[in-house]
file coords05.csv (CSV, C-alpha atoms)
chain,number,residue,atom,x,y,z
J,983,MET,CA,-62.9,-6.7,-39.0
J,984,LYS,CA,-63.8,-4.0,-36.5
J,985,ARG,CA,-63.4,-6.4,-33.6
J,986,SER,CA,-59.9,-7.5,-34.6
J,987,LEU,CA,-58.9,-3.9,-35.0
J,988,LEU,CA,-60.3,-3.0,-31.6
J,989,THR,CA,-58.5,-6.0,-30.0
J,990,LEU,CA,-55.2,-4.9,-31.6
J,991,LEU,CA,-55.6,-1.3,-30.4
J,992,CYS,CA,-56.4,-2.6,-26.8
J,993,ALA,CA,-53.2,-4.7,-26.9
J,994,MET,CA,-51.2,-1.7,-28.0
J,995,THR,CA,-52.6,0.4,-25.1
J,996,ALA,CA,-51.9,-2.3,-22.6
J,997,PHE,CA,-48.4,-2.8,-23.8
J,998,GLY,CA,-47.7,0.9,-23.8
J,999,ALA,CA,-48.7,1.2,-20.1
J,1000,GLN,CA,-46.6,-1.8,-19.1
J,1001,ALA,CA,-43.5,-0.5,-21.0
J,1002,SER,CA,-43.8,2.9,-19.5
J,1003,GLU,CA,-43.8,1.6,-16.0
J,1004,ALA,CA,-40.9,-0.7,-16.7
J,1005,ALA,CA,-38.9,2.2,-18.2
J,1006,LYS,CA,-39.4,4.3,-15.0
J,1007,ALA,CA,-37.9,1.6,-12.8
J,1008,ALA,CA,-34.9,0.6,-15.1
J,1009,PRO,CA,-31.5,2.1,-14.4
J,1010,LYS,CA,-29.7,3.8,-17.3
J,1011,GLY,CA,-26.5,2.6,-18.8
J,1012,ASP,CA,-23.2,4.4,-19.3
J,1013,ALA,CA,-22.7,5.6,-22.9
J,1014,ALA,CA,-18.9,5.9,-22.5
J,1015,ARG,CA,-18.6,2.2,-21.4
J,1016,GLY,CA,-20.9,1.3,-24.2
J,1017,GLN,CA,-18.7,3.1,-26.8
J,1018,THR,CA,-15.8,1.0,-25.7
J,1019,ILE,CA,-17.7,-2.2,-26.6
J,1020,VAL,CA,-19.0,-0.8,-29.8
J,1021,SER,CA,-15.5,0.3,-31.0
J,1022,THR,CA,-14.2,-3.3,-30.6
J,1023,VAL,CA,-17.2,-5.5,-31.4
J,1024,CYS,CA,-20.3,-3.9,-32.8
J,1025,VAL,CA,-18.5,-1.6,-35.2
J,1026,ALA,CA,-18.1,-4.3,-37.9
J,1027,CYS,CA,-21.8,-4.7,-38.5
J,1028,HIS,CA,-23.4,-1.5,-37.1
J,1029,GLY,CA,-20.7,1.1,-37.7
J,1030,PRO,CA,-18.9,3.2,-35.1
J,1031,ASP,CA,-22.0,5.3,-34.4
J,1032,GLY,CA,-24.8,2.9,-35.0
J,1033,ASN,CA,-25.3,3.9,-38.7
J,1034,SER,CA,-24.8,0.5,-40.3
J,1035,PRO,CA,-23.1,0.5,-43.7
J,1036,LEU,CA,-25.1,-2.5,-44.8
J,1037,ALA,CA,-28.9,-2.8,-45.3
J,1038,ALA,CA,-28.9,-6.3,-43.8
J,1039,ASN,CA,-27.9,-4.8,-40.5
J,1040,PRO,CA,-30.2,-2.3,-38.8
J,1041,LYS,CA,-29.4,1.3,-38.0
J,1042,LEU,CA,-29.2,1.6,-34.2
J,1043,ALA,CA,-28.3,5.2,-33.9
J,1044,GLY,CA,-31.1,7.2,-32.2
J,1045,GLN,CA,-33.1,4.2,-31.3
J,1046,HIS,CA,-34.9,4.2,-28.0
J,1047,PRO,CA,-32.7,2.6,-25.3
J,1048,GLU,CA,-35.6,0.6,-23.8
J,1049,TYR,CA,-36.2,-1.0,-27.2
J,1050,LEU,CA,-32.5,-1.7,-27.8
J,1051,LEU,CA,-32.2,-3.3,-24.3
J,1052,LYS,CA,-35.3,-5.5,-24.9
J,1053,GLN,CA,-33.9,-6.8,-28.3
J,1054,MET,CA,-30.5,-7.6,-26.8
J,1055,LYS,CA,-32.2,-9.5,-23.9
J,1056,ASN,CA,-34.4,-11.3,-26.4
J,1057,PHE,CA,-31.3,-12.4,-28.4
J,1058,LYS,CA,-29.6,-13.8,-25.3
J,1059,ALA,CA,-30.3,-17.4,-24.3
J,1060,SER,CA,-30.8,-18.2,-20.7
J,1061,ASP,CA,-31.4,-21.3,-18.5
J,1062,GLY,CA,-30.6,-23.5,-21.5
J,1063,LYS,CA,-33.6,-22.3,-23.4
J,1064,GLN,CA,-33.7,-21.0,-27.0
J,1065,PRO,CA,-33.6,-17.2,-27.1
J,1066,GLU,CA,-36.8,-15.4,-27.7
J,1067,ARG,CA,-35.4,-13.8,-30.8
J,1068,VAL,CA,-33.4,-16.2,-33.0
J,1069,SER,CA,-30.4,-14.9,-35.0
J,1070,ALA,CA,-27.4,-16.9,-36.0
J,1071,ILE,CA,-25.2,-13.9,-35.6
J,1072,MET,CA,-26.7,-11.9,-32.7
J,1073,ASN,CA,-27.4,-14.9,-30.4
J,1074,GLY,CA,-23.6,-15.5,-30.4
J,1075,MET,CA,-22.6,-11.9,-30.2
J,1076,ILE,CA,-24.7,-11.0,-27.2
J,1077,ALA,CA,-24.0,-14.1,-25.2
J,1078,ALA,CA,-20.9,-12.7,-23.5
J,1079,TYR,CA,-22.6,-9.6,-22.1
J,1080,ASP,CA,-24.6,-9.1,-18.9
J,1081,GLU,CA,-27.5,-6.8,-18.5
J,1082,GLY,CA,-25.4,-3.9,-17.3
J,1083,GLN,CA,-23.3,-4.0,-20.4
J,1084,MET,CA,-26.4,-4.2,-22.6
J,1085,ARG,CA,-27.7,-1.1,-20.9
J,1086,ASP,CA,-24.4,0.6,-21.6
J,1087,LEU,CA,-24.7,-0.3,-25.3
J,1088,ALA,CA,-28.3,0.9,-25.4
J,1089,ALA,CA,-27.2,4.2,-23.8
J,1090,TYR,CA,-24.5,4.7,-26.4
J,1091,PHE,CA,-26.4,3.9,-29.5
J,1092,SER,CA,-29.5,5.9,-28.4
J,1093,ALA,CA,-27.4,9.0,-28.0
J,1094,GLN,CA,-26.1,8.9,-31.6
J,1095,THR,CA,-27.6,10.7,-34.5
J,1096,GLN,CA,-29.2,8.5,-37.2
J,1097,LYS,CA,-28.3,9.1,-40.8
J,1098,GLY,CA,-31.6,8.4,-42.4
J,1099,GLU,CA,-32.3,6.6,-45.7
J,1100,ALA,CA,-34.7,7.8,-48.5
J,1101,ALA,CA,-37.7,6.3,-50.2
J,1102,LYS,CA,-36.6,5.0,-53.6
J,1103,ASN,CA,-39.7,3.6,-55.3
J,1104,ARG,CA,-41.9,6.4,-56.7
J,1105,GLU,CA,-44.4,3.9,-58.0
J,1106,SER,CA,-45.3,2.7,-54.5
J,1107,ILE,CA,-44.9,5.8,-52.5
J,1108,GLU,CA,-48.6,6.6,-52.5
J,1109,LEU,CA,-49.6,3.2,-51.3
J,1110,GLY,CA,-46.9,3.2,-48.6
J,1111,GLN,CA,-48.0,6.6,-47.4
J,1112,LYS,CA,-51.7,5.6,-47.4
J,1113,LEU,CA,-51.1,2.4,-45.3
J,1114,TYR,CA,-48.6,4.1,-43.0
J,1115,ARG,CA,-50.9,7.1,-42.2
J,1116,GLY,CA,-54.4,5.5,-42.4
J,1117,GLY,CA,-54.0,1.7,-42.6
J,1118,ASP,CA,-56.8,-0.3,-44.3
J,1119,GLN,CA,-60.0,-0.5,-42.4
J,1120,ALA,CA,-61.5,-3.1,-44.7
J,1121,LYS,CA,-58.7,-5.5,-43.8
J,1122,GLY,CA,-58.6,-4.5,-40.1
J,1123,LEU,CA,-55.1,-3.1,-40.7
J,1124,PRO,CA,-54.3,-0.2,-38.4
J,1125,ALA,CA,-52.2,2.8,-39.4
J,1126,CYS,CA,-48.5,2.3,-38.6
J,1127,ALA,CA,-48.4,6.0,-37.5
J,1128,ALA,CA,-50.8,5.1,-34.6
J,1129,CYS,CA,-47.8,3.5,-32.7
J,1130,HIS,CA,-44.7,4.7,-34.6
J,1131,GLY,CA,-45.8,8.4,-35.0
J,1132,PRO,CA,-46.2,10.5,-38.1
J,1133,THR,CA,-42.4,10.7,-38.7
J,1134,GLY,CA,-41.6,7.2,-37.6
J,1135,ALA,CA,-39.9,8.4,-34.4
J,1136,GLY,CA,-41.9,5.9,-32.3
J,1137,ILE,CA,-42.7,6.4,-28.6
J,1138,PRO,CA,-39.9,5.9,-26.0
J,1139,ALA,CA,-40.2,2.8,-23.9
J,1140,GLN,CA,-43.2,1.7,-26.0
J,1141,TYR,CA,-42.7,1.6,-29.8
J,1142,PRO,CA,-39.4,1.7,-31.7
J,1143,ARG,CA,-38.1,4.4,-34.1
J,1144,ILE,CA,-38.5,3.1,-37.6
J,1145,GLY,CA,-38.2,6.3,-39.7
J,1146,GLY,CA,-35.0,6.4,-41.7
J,1147,GLN,CA,-34.4,2.7,-41.4
J,1148,PHE,CA,-33.1,0.6,-44.3
J,1149,ALA,CA,-36.2,-0.4,-46.4
J,1150,GLU,CA,-34.6,-3.8,-46.9
J,1151,TYR,CA,-34.3,-4.4,-43.2
J,1152,THR,CA,-37.8,-3.3,-42.4
J,1153,GLU,CA,-39.2,-5.5,-45.2
J,1154,THR,CA,-37.4,-8.5,-43.9
J,1155,GLN,CA,-38.6,-7.9,-40.3
J,1156,LEU,CA,-42.3,-7.5,-41.4
J,1157,LYS,CA,-42.1,-10.7,-43.4
J,1158,SER,CA,-40.5,-12.5,-40.4
J,1159,PHE,CA,-43.3,-11.3,-38.2
J,1160,ARG,CA,-45.9,-12.5,-40.8
J,1161,GLU,CA,-44.3,-15.9,-41.1
J,1162,GLY,CA,-43.8,-16.3,-37.3
J,1163,ALA,CA,-40.0,-16.5,-37.7
J,1164,ARG,CA,-39.8,-13.5,-35.4
J,1165,ALA,CA,-42.1,-13.7,-32.4
J,1166,ASN,CA,-40.8,-11.4,-29.8
J,1167,ASP,CA,-43.5,-8.7,-30.2
J,1168,PRO,CA,-45.6,-8.2,-27.0
J,1169,ASN,CA,-49.1,-9.5,-27.3
J,1170,LYS,CA,-48.4,-10.6,-30.9
J,1171,MET,CA,-49.0,-7.0,-32.0
J,1172,MET,CA,-46.7,-7.0,-35.1
J,1173,ARG,CA,-47.7,-10.5,-36.1
J,1174,MET,CA,-51.3,-9.4,-36.1
J,1175,VAL,CA,-50.5,-6.5,-38.3
J,1176,ALA,CA,-48.0,-8.2,-40.7
J,1177,ILE,CA,-50.3,-11.2,-41.4
J,1178,LYS,CA,-52.8,-8.9,-43.0
J,1179,MET,CA,-50.2,-7.4,-45.4
J,1180,THR,CA,-49.3,-8.6,-48.9
J,1181,ASP,CA,-45.7,-8.6,-50.2
J,1182,ALA,CA,-46.5,-5.5,-52.2
J,1183,GLU,CA,-47.9,-3.6,-49.2
J,1184,ILE,CA,-45.0,-4.6,-47.0
J,1185,ARG,CA,-42.5,-3.4,-49.7
J,1186,ALA,CA,-44.4,-0.1,-50.1
J,1187,VAL,CA,-44.6,0.7,-46.4
J,1188,SER,CA,-40.9,-0.3,-45.9
J,1189,ASP,CA,-39.8,2.0,-48.7
J,1190,TYR,CA,-42.0,4.9,-47.4
J,1191,VAL,CA,-40.7,4.5,-43.9
J,1192,ALA,CA,-37.1,4.8,-45.0
J,1193,GLY,CA,-37.7,8.4,-46.1
J,1194,LEU,CA,-39.5,9.5,-42.9
J,1195,ARG,CA,-37.8,12.1,-40.7
call {"tool": "encode", "arguments": {"input": "coords05.csv", "output": "structure tokens"}}
result
Amino acid sequence: MKRSLLTLLCAMTAFGAQASEAAKAAPKGDAARGQTIVSTVCVACHGPDGNSPLAANPKLAGQHPEYLLKQMKNFKASDGKQPERVSAIMNGMIAAYDEGQMRDLAAYFSAQTQKGEAAKNRESIELGQKLYRGGDQAKGLPACAACHGPTGAGIPAQYPRIGGQFAEYTETQLKSFREGARANDPNKMMRMVAIKMTDAEIRAVSDYVAGLR
């Protein structure tokens, strides 16, 4: 158990260093140009300011631009290969945009203010808080806060903001990582975490995260 936890923590550290270096070298996008695309295309699913009206679509407002760019690039197929992150909707939506336009979109969404959600299940709030803050050493499950921070704000260029996100969306993504349906996490970090979690634990953490600020 301790060895698997140590391996995961080492992977997190290595990824953090790589992401930080990549972020320093990456040119920033133009938020104004990004807004033009959002107002005509992205608005239908993610809202005009990245605060999606539907729980099936993630809130993008206030998300770190480096993370947004990575996800868009992962959704985009290249050289005739299947995209790294498969989505019937996003694979088609992002196909028309080049990296410069993706950077513009990332710049716009990251500059917006997130309208956070709230934890709704009082019965699971204690379990969600326990796992988020302290993990479960017996299962080799690290604390979510170790990477995403005490308020779910994440760390720019390394770990995404998850606080205030729809609980339903977070739950779906954790289950996708656990099942291997989503596999675009560096060094299998999220898959190594999610595979140790039960449905009840995933649901509890997702609900708790929705209320973080």
call {"tool": "residues_around", "arguments": {"input": "coords05.csv", "residues": "range 1044-1060 of chain J", "least_positions_apart": "2", "cutoff": "7 Å", "atoms": "only C-alpha atoms", "output": "VMD selection string"}}
result
chain J and resid 1005 1042 1062 to 1068 1072 to 1073 1076 to 1077 1084 to 1085 1088 to 1089 1091 to 1096 1138 to 1139 1142 to 1143
call {"tool": "atom_distance", "arguments": {"input": "coords05.csv", "atom1": "CA of Gly1016 in chain J", "atom2": "CA of Ala1043 in chain J"}}
result
12.8 Å
call {"tool": "residues_around", "arguments": {"input": "coords05.csv", "residues": "Val1187 in chain J", "least_positions_apart": "4", "cutoff": "10 Å", "atoms": "all atoms listed in the file", "output": "list in words"}}
result
Ala1101, Ser1106, Ile1107, Glu1108, Leu1109, Gly1110, Gln1111, Lys1112, Leu1113, Tyr1114, Arg1115, Cys1126, Ala1149, Thr1152, Glu1153, Leu1156, Met1179, Ala1182, Glu1183, Val1191 and Ala1192 of chain J
call {"tool": "write_last_selection", "arguments": {"input": "coords05.csv", "atoms": "C-alpha atoms", "output": "compact mmCIF listing (two decimals), in the coordinates of the input"}}
result
# COMPACT_ATOMS: atom_id res chain seq x y z
CA ALA J 1101 -37.70 6.30 -50.20
CA SER J 1106 -45.30 2.70 -54.50
CA ILE J 1107 -44.90 5.80 -52.50
CA GLU J 1108 -48.60 6.60 -52.50
CA LEU J 1109 -49.60 3.20 -51.30
CA GLY J 1110 -46.90 3.20 -48.60
CA GLN J 1111 -48.00 6.60 -47.40
CA LYS J 1112 -51.70 5.60 -47.40
CA LEU J 1113 -51.10 2.40 -45.30
CA TYR J 1114 -48.60 4.10 -43.00
CA ARG J 1115 -50.90 7.10 -42.20
CA CYS J 1126 -48.50 2.30 -38.60
CA ALA J 1149 -36.20 -0.40 -46.40
CA THR J 1152 -37.80 -3.30 -42.40
CA GLU J 1153 -39.20 -5.50 -45.20
CA LEU J 1156 -42.30 -7.50 -41.40
CA MET J 1179 -50.20 -7.40 -45.40
CA ALA J 1182 -46.50 -5.50 -52.20
CA GLU J 1183 -47.90 -3.60 -49.20
CA VAL J 1191 -40.70 4.50 -43.90
CA ALA J 1192 -37.10 4.80 -45.00
call {"tool": "atom_distance", "arguments": {"input": "coords05.csv", "atom1": "CA of Ser1021 in chain J", "atom2": "CA of Gly1136 in chain J"}}
result
27.0 Å
call {"tool": "closest_residue", "arguments": {"input": "coords05.csv", "among": "J:Gly1145, J:Pro1040, J:Gly1134, J:Gly1032", "to": "Val1020 in chain J", "atoms": "all atoms listed in the file"}}
result
J:Gly1032
call {"tool": "residues_around", "arguments": {"input": "coords05.csv", "residues": "Ala1100 in chain J", "least_positions_apart": "3", "cutoff": "12 Å", "atoms": "only C-alpha atoms", "output": "ChimeraX atom specification"}}
result
/J:1097,1103-1104,1107,1145-1150,1188-1195
call {"tool": "write_last_selection", "arguments": {"input": "coords05.csv", "atoms": "C-alpha atoms", "output": "mmCIF file, in the coordinates of the input"}}
result
data_model
loop_
_atom_site.group_PDB
_atom_site.id
_atom_site.type_symbol
_atom_site.label_atom_id
_atom_site.label_comp_id
_atom_site.auth_asym_id
_atom_site.auth_seq_id
_atom_site.Cartn_x
_atom_site.Cartn_y
_atom_site.Cartn_z
ATOM 1 C CA LYS J 1097 -28.300 9.100 -40.800
ATOM 2 C CA ASN J 1103 -39.700 3.600 -55.300
ATOM 3 C CA ARG J 1104 -41.900 6.400 -56.700
ATOM 4 C CA ILE J 1107 -44.900 5.800 -52.500
ATOM 5 C CA GLY J 1145 -38.200 6.300 -39.700
ATOM 6 C CA GLY J 1146 -35.000 6.400 -41.700
ATOM 7 C CA GLN J 1147 -34.400 2.700 -41.400
ATOM 8 C CA PHE J 1148 -33.100 0.600 -44.300
ATOM 9 C CA ALA J 1149 -36.200 -0.400 -46.400
ATOM 10 C CA GLU J 1150 -34.600 -3.800 -46.900
ATOM 11 C CA SER J 1188 -40.900 -0.300 -45.900
ATOM 12 C CA ASP J 1189 -39.800 2.000 -48.700
ATOM 13 C CA TYR J 1190 -42.000 4.900 -47.400
ATOM 14 C CA VAL J 1191 -40.700 4.500 -43.900
ATOM 15 C CA ALA J 1192 -37.100 4.800 -45.000
ATOM 16 C CA GLY J 1193 -37.700 8.400 -46.100
ATOM 17 C CA LEU J 1194 -39.500 9.500 -42.900
ATOM 18 C CA ARG J 1195 -37.800 12.100 -40.700
#
call {"tool": "closest_residue", "arguments": {"input": "coords05.csv", "among": "J:Ile1144, J:Ala1163, J:Met1075, J:Ala1176", "to": "Leu1123 in chain J", "atoms": "only C-alpha atoms"}}
result
J:Ala1176
call {"tool": "atom_distance", "arguments": {"input": "coords05.csv", "atom1": "CA of Ala1038 in chain J", "atom2": "CA of Arg1185 in chain J"}}
result
15.1 Å
call {"tool": "closest_residue", "arguments": {"input": "coords05.csv", "among": "J:Asp1061, J:Glu1105, J:Asp1012, J:Asp1118", "to": "Gln1083 in chain J", "atoms": "only C-alpha atoms"}}
result
J:Asp1012
call {"tool": "decode", "arguments": {"input": "coords05.csv", "residues": "range 1017-1055 of chain J", "atoms": "C-alpha atoms", "output": "JSON list (two decimals), in the first residue's frame"}}
result
[["chain", "number", "residue", "atom", "x", "y", "z"],
["J", 1017, "GLN", "CA", -14.68, 35.43, -26.87],
["J", 1018, "THR", "CA", -15.66, 35.74, -30.53],
["J", 1019, "ILE", "CA", -15.48, 31.97, -30.94],
["J", 1020, "VAL", "CA", -17.26, 31.35, -27.64],
["J", 1021, "SER", "CA", -20.17, 33.64, -28.52],
["J", 1022, "THR", "CA", -20.89, 31.78, -31.75],
["J", 1023, "VAL", "CA", -19.93, 28.17, -30.95],
["J", 1024, "CYS", "CA", -19.14, 27.26, -27.32],
["J", 1025, "VAL", "CA", -22.01, 29.25, -25.79],
["J", 1026, "ALA", "CA", -24.60, 26.56, -26.49],
["J", 1027, "CYS", "CA", -23.00, 24.05, -24.12],
["J", 1028, "HIS", "CA", -20.72, 26.07, -21.83],
["J", 1029, "GLY", "CA", -22.57, 29.36, -21.57],
["J", 1030, "PRO", "CA", -21.31, 32.81, -22.67],
["J", 1031, "ASP", "CA", -18.85, 33.03, -19.78],
["J", 1032, "GLY", "CA", -17.92, 29.39, -19.27],
["J", 1033, "ASN", "CA", -20.56, 28.78, -16.60],
["J", 1034, "SER", "CA", -22.43, 25.91, -18.20],
["J", 1035, "PRO", "CA", -26.18, 25.77, -17.56],
["J", 1036, "LEU", "CA", -26.16, 21.94, -17.69],
["J", 1037, "ALA", "CA", -24.42, 19.56, -15.30],
["J", 1038, "ALA", "CA", -23.42, 17.28, -18.17],
["J", 1039, "ASN", "CA", -21.13, 20.03, -19.50],
["J", 1040, "PRO", "CA", -18.28, 21.24, -17.28],
["J", 1041, "LYS", "CA", -17.85, 24.76, -15.99],
["J", 1042, "LEU", "CA", -14.83, 26.22, -17.77],
["J", 1043, "ALA", "CA", -14.86, 29.66, -16.18],
["J", 1044, "GLY", "CA", -11.76, 30.27, -14.07],
["J", 1045, "GLN", "CA", -10.07, 27.06, -15.16],
["J", 1046, "HIS", "CA", -6.31, 27.20, -15.64],
["J", 1047, "PRO", "CA", -5.50, 28.01, -19.31],
["J", 1048, "GLU", "CA", -2.80, 25.33, -19.49],
["J", 1049, "TYR", "CA", -5.31, 22.66, -18.50],
["J", 1050, "LEU", "CA", -7.93, 23.94, -20.93],
["J", 1051, "LEU", "CA", -5.41, 23.92, -23.77],
["J", 1052, "LYS", "CA", -4.29, 20.39, -22.95],
["J", 1053, "GLN", "CA", -7.85, 19.09, -22.97],
["J", 1054, "MET", "CA", -8.65, 20.74, -26.30],
["J", 1055, "LYS", "CA", -5.49, 19.31, -27.85]]
